[in-house]
$ cat data.cif   # mmCIF, C-alpha atoms
data_structure
loop_
_atom_site.group_PDB
_atom_site.id
_atom_site.type_symbol
_atom_site.label_atom_id
_atom_site.label_comp_id
_atom_site.auth_asym_id
_atom_site.auth_seq_id
_atom_site.Cartn_x
_atom_site.Cartn_y
_atom_site.Cartn_z
ATOM 1 C CA MET I 210 4.683 11.460 -12.309
ATOM 2 C CA ARG I 211 2.378 9.735 -9.816
ATOM 3 C CA THR I 212 1.657 6.220 -8.745
ATOM 4 C CA ILE I 213 -1.794 6.939 -7.440
ATOM 5 C CA ALA I 214 -3.528 3.815 -6.177
ATOM 6 C CA LEU I 215 -0.444 1.757 -5.396
ATOM 7 C CA LEU I 216 1.085 4.525 -3.320
ATOM 8 C CA GLY I 217 -2.273 4.841 -1.601
ATOM 9 C CA VAL I 218 -2.143 1.170 -0.724
ATOM 10 C CA CYS I 219 1.451 1.583 0.484
ATOM 11 C CA ALA I 220 0.414 4.514 2.640
ATOM 12 C CA LEU I 221 -2.397 2.494 4.174
ATOM 13 C CA LEU I 222 -0.137 -0.440 4.867
ATOM 14 C CA LEU I 223 2.745 1.617 6.191
ATOM 15 C CA GLY I 224 0.699 4.330 7.817
ATOM 16 C CA GLY I 225 1.141 8.018 7.949
ATOM 17 C CA CYS I 226 0.197 8.900 11.492
ATOM 18 C CA ALA I 227 1.801 7.871 14.746
ATOM 19 C CA SER I 228 -0.352 6.054 17.255
ATOM 20 C CA MET I 229 -0.008 3.780 20.230
ATOM 21 C CA GLN I 230 -0.432 0.080 19.610
ATOM 22 C CA PRO I 231 -4.132 -0.709 19.588
ATOM 23 C CA SER I 232 -5.401 -3.662 21.578
ATOM 24 C CA ALA I 233 -6.757 -6.623 19.640
ATOM 25 C CA GLU I 234 -9.850 -6.418 21.848
ATOM 26 C CA ALA I 235 -10.553 -2.788 20.924
ATOM 27 C CA LEU I 236 -9.939 -3.471 17.246
ATOM 28 C CA SER I 237 -12.220 -6.521 17.294
ATOM 29 C CA LYS I 238 -15.126 -4.112 17.868
ATOM 30 C CA LEU I 239 -14.426 -2.062 14.730
ATOM 31 C CA PRO I 240 -16.150 -2.819 11.428
ATOM 32 C CA VAL I 241 -14.002 -4.481 8.769
ATOM 33 C CA VAL I 242 -14.282 -2.969 5.316
ATOM 34 C CA GLN I 243 -12.934 -4.879 2.352
ATOM 35 C CA PHE I 244 -10.749 -2.814 0.028
ATOM 36 C CA GLY I 245 -12.936 -1.382 -2.729
ATOM 37 C CA GLU I 246 -16.086 -1.229 -0.586
ATOM 38 C CA PRO I 247 -17.397 2.071 0.823
ATOM 39 C CA VAL I 248 -15.921 3.036 4.195
ATOM 40 C CA PRO I 249 -18.253 4.151 6.990
ATOM 41 C CA ALA I 250 -18.444 7.949 7.069
ATOM 42 C CA GLY I 251 -16.913 9.491 10.157
ATOM 43 C CA SER I 252 -16.268 6.123 11.766
ATOM 44 C CA ASP I 253 -13.141 4.201 12.652
ATOM 45 C CA HIS I 254 -12.748 0.956 10.721
ATOM 46 C CA ILE I 255 -10.277 -1.727 9.686
ATOM 47 C CA LEU I 256 -9.443 -2.001 6.007
ATOM 48 C CA PHE I 257 -9.007 -5.562 4.714
ATOM 49 C CA PHE I 258 -7.008 -6.480 1.619
ATOM 50 C CA PRO I 259 -7.959 -10.121 0.825
ATOM 51 C CA ALA I 260 -5.459 -12.576 -0.615
ATOM 52 C CA ASN I 261 -5.651 -13.116 -4.362
ATOM 53 C CA LYS I 262 -8.092 -10.234 -4.916
ATOM 54 C CA PRO I 263 -6.854 -7.617 -7.401
ATOM 55 C CA ILE I 264 -5.641 -4.309 -5.982
ATOM 56 C CA PRO I 265 -5.715 -1.781 -8.803
ATOM 57 C CA ALA I 266 -2.960 0.768 -9.254
ATOM 58 C CA THR I 267 -2.529 3.537 -11.791
ATOM 59 C CA VAL I 268 0.838 4.817 -12.949
ATOM 60 C CA ALA I 269 0.746 8.144 -14.761
ATOM 61 C CA ILE I 270 3.481 10.186 -16.414
ATOM 62 C CA LYS I 271 2.181 13.656 -17.149
ATOM 63 C CA GLY I 272 3.250 17.244 -17.429
ATOM 64 C CA SER I 273 3.639 20.208 -19.700
ATOM 65 C CA ILE I 274 7.001 18.994 -21.089
ATOM 66 C CA PHE I 275 5.410 15.940 -22.711
ATOM 67 C CA ALA I 276 3.838 15.899 -26.169
ATOM 68 C CA LYS I 277 2.360 12.499 -25.284
ATOM 69 C CA GLU I 278 1.494 11.565 -21.719
ATOM 70 C CA ALA I 279 1.019 8.025 -20.468
ATOM 71 C CA GLU I 280 -1.206 6.352 -17.934
ATOM 72 C CA GLN I 281 -1.563 2.661 -17.244
ATOM 73 C CA ARG I 282 -3.714 0.698 -14.830
ATOM 74 C CA MET I 283 -2.167 -2.388 -13.274
ATOM 75 C CA GLU I 284 -3.318 -4.905 -10.698
ATOM 76 C CA VAL I 285 -1.429 -6.715 -7.976
ATOM 77 C CA THR I 286 -2.651 -9.421 -5.598
ATOM 78 C CA LEU I 287 -1.467 -10.379 -2.128
ATOM 79 C CA ARG I 288 -0.258 -13.843 -1.130
ATOM 80 C CA LYS I 289 -2.209 -13.553 2.129
ATOM 81 C CA GLY I 290 -4.811 -11.146 3.413
ATOM 82 C CA ILE I 291 -3.742 -8.041 5.315
ATOM 83 C CA TYR I 292 -5.808 -6.027 7.787
ATOM 84 C CA ALA I 293 -4.837 -2.359 8.117
ATOM 85 C CA TYR I 294 -5.725 0.088 10.852
ATOM 86 C CA LYS I 295 -3.994 3.470 10.623
ATOM 87 C CA ASP I 296 -0.282 2.593 10.706
ATOM 88 C CA TRP I 297 -0.832 -0.945 12.033
ATOM 89 C CA VAL I 298 -1.191 -4.181 10.071
ATOM 90 C CA SER I 299 -2.211 -7.715 10.971
ATOM 91 C CA TYR I 300 -2.624 -11.037 9.203
ATOM 92 C CA ASP I 301 -5.071 -12.456 11.760
ATOM 93 C CA ARG I 302 -6.603 -9.433 13.618
ATOM 94 C CA LEU I 303 -4.988 -10.718 16.819
ATOM 95 C CA VAL I 304 -1.356 -9.632 16.470
ATOM 96 C CA TRP I 305 -0.834 -6.069 15.212
ATOM 97 C CA ARG I 306 2.510 -4.607 14.116
ATOM 98 C CA ARG I 307 3.506 -1.224 12.783
ATOM 99 C CA GLY I 308 3.358 -1.360 9.003
ATOM 100 C CA GLN I 309 7.020 -0.375 8.686
ATOM 101 C CA GLU I 310 8.029 -3.197 11.032
ATOM 102 C CA ALA I 311 5.914 -5.780 9.221
ATOM 103 C CA ILE I 312 6.498 -4.788 5.594
ATOM 104 C CA LYS I 313 9.737 -3.531 4.059
ATOM 105 C CA THR I 314 9.005 -1.113 1.238
ATOM 106 C CA ASP I 315 11.427 0.339 -1.291
ATOM 107 C CA PHE I 316 10.572 2.914 -3.964
ATOM 108 C CA GLN I 317 12.765 3.464 -7.002
ATOM 109 C CA ILE I 318 12.131 6.071 -9.673
ATOM 110 C CA MET I 319 14.781 6.582 -12.342
ATOM 111 C CA LEU I 320 14.049 8.899 -15.212
ATOM 112 C CA PRO I 321 15.982 8.834 -18.471
ATOM 113 C CA SER I 322 18.761 11.368 -18.085
ATOM 114 C CA TYR I 323 22.403 12.082 -18.707
ATOM 115 C CA LYS I 324 23.322 9.768 -15.812
ATOM 116 C CA HIS I 325 20.715 7.153 -16.783
ATOM 117 C CA PRO I 326 20.547 7.080 -20.617
ATOM 118 C CA GLU I 327 18.123 4.148 -20.585
ATOM 119 C CA PRO I 328 14.355 3.719 -20.306
ATOM 120 C CA GLY I 329 12.884 5.051 -17.077
ATOM 121 C CA VAL I 330 12.028 2.753 -14.174
ATOM 122 C CA ILE I 331 9.291 3.023 -11.578
ATOM 123 C CA ARG I 332 9.603 0.204 -9.062
ATOM 124 C CA ILE I 333 7.880 -0.498 -5.772
ATOM 125 C CA GLN I 334 9.179 -3.505 -3.826
ATOM 126 C CA MET I 335 7.227 -4.714 -0.777
ATOM 127 C CA ASP I 336 8.512 -7.658 1.273
ATOM 128 C CA GLU I 337 7.250 -9.190 4.477
ATOM 129 C CA ARG I 338 9.631 -8.841 7.400
ATOM 130 C CA SER I 339 9.978 -11.746 9.806
#
$ encode --input "data.cif" --output "structure tokens"
Amino acid sequence: MRTIALLGVCALLLGGCASMQPSAEALSKLPVVQFGEPVPAGSDHILFFPANKPIPATVAIKGSIFAKEAEQRMEVTLRKGIYAYKDWVSYDRLVWRRGQEAIKTDFQIMLPSYKHPEPGVIRIQMDERS
């Protein structure tokens, strides 16, 4: 079971590599690429997720145990735009915070089982931290 695009977005927002806090001045020199547009090859850049623009995500349940697999594309939108650079995020390109400090993320995956004899649940909750 994979949540492909949405987990990719989460990874970009929360970051996967440790780095020192970048200066706003240094980041102001990097190109800004809007999510969905091609990124510059071999070049550092800032990824921008605009407010109210759909961010596609695909949820897939697959495997050899299933007679019928499932895959569904969904879209989410942000309340306000988010700039992402490695594991740093910003709402204005001036103040940068670690993704984990700026956005609280919880993942919940419950499969139907003996302990959970109900429909399965895949839930990703992302909330802004103050």
$ closest_residue --input "data.cif" --among "I:Arg302, I:Lys295, I:Lys271, I:Lys289" --to "Ser232 (chain I)" --atoms "all atoms listed in the file"
I:Arg302
$ residues_around --input "data.cif" --residues "region 310-323 of chain I" --least-positions-apart "6" --cutoff "8 Å" --atoms "all atoms listed in the file" --output "ChimeraX atom specification"
/I:222-223,298,329-339
$ write_last_selection --input "data.cif" --atoms "C-alpha atoms" --output "compact mmCIF listing (two decimals), keeping the file's coordinate frame"
# COMPACT_ATOMS: atom_id res chain seq x y z
CA LEU I 222 -0.14 -0.44 4.87
CA LEU I 223 2.74 1.62 6.19
CA VAL I 298 -1.19 -4.18 10.07
CA GLY I 329 12.88 5.05 -17.08
CA VAL I 330 12.03 2.75 -14.17
CA ILE I 331 9.29 3.02 -11.58
CA ARG I 332 9.60 0.20 -9.06
CA ILE I 333 7.88 -0.50 -5.77
CA GLN I 334 9.18 -3.50 -3.83
CA MET I 335 7.23 -4.71 -0.78
CA ASP I 336 8.51 -7.66 1.27
CA GLU I 337 7.25 -9.19 4.48
CA ARG I 338 9.63 -8.84 7.40
CA SER I 339 9.98 -11.75 9.81
$ resolve_selection --input "data.cif" --expression "the PyMOL selection byres ((chain I and resi 304) around 12)" --output "number ranges by chain"
I: 230-234, 236-237, 291-293, 297-303, 305-307, 311
$ atom_distance --input "data.cif" --atom1 "CA of Val241 (chain I)" --atom2 "CA of Gly290 (chain I)"
12.6 Å
$ atom_distance --input "data.cif" --atom1 "CA of Arg288 (chain I)" --atom2 "CA of His254 (chain I)"
22.7 Å
$ closest_residue --input "data.cif" --among "I:Gly308, I:Gly272, I:Pro328, I:Gly245" --to "Phe258 (chain I)" --atoms "all atoms listed in the file"
I:Gly245
$ axis_aligned_box --input "data.cif" --around "region 259-278 of chain I" --padding-each-side "4 Å" --output "JSON"
{"center_x": -0.5, "center_y": 3.5, "center_z": -12.7, "size_x": 23.1, "size_y": 41.3, "size_z": 35.0}
$ atom_distance --input "data.cif" --atom1 "CA of Val285 (chain I)" --atom2 "CA of Pro263 (chain I)"
5.5 Å
$ closest_residue --input "data.cif" --among "I:Glu278, I:Glu284, I:Glu327, I:Glu246" --to "Ile264 (chain I)" --atoms "all atoms listed in the file"
I:Glu284
$ resolve_selection --input "data.cif" --expression "the PyMOL selection byres ((chain I and resi 280) around 9)" --output "list in words"
Thr267, Val268, Ala269, Ile270, Lys271, Glu278, Ala279, Gln281 and Arg282 of chain I
$ closest_residue --input "data.cif" --among "I:Pro265, I:Lys277, I:Ala260, I:Tyr294" --to "Pro240 (chain I)" --atoms "all atoms listed in the file"
I:Tyr294
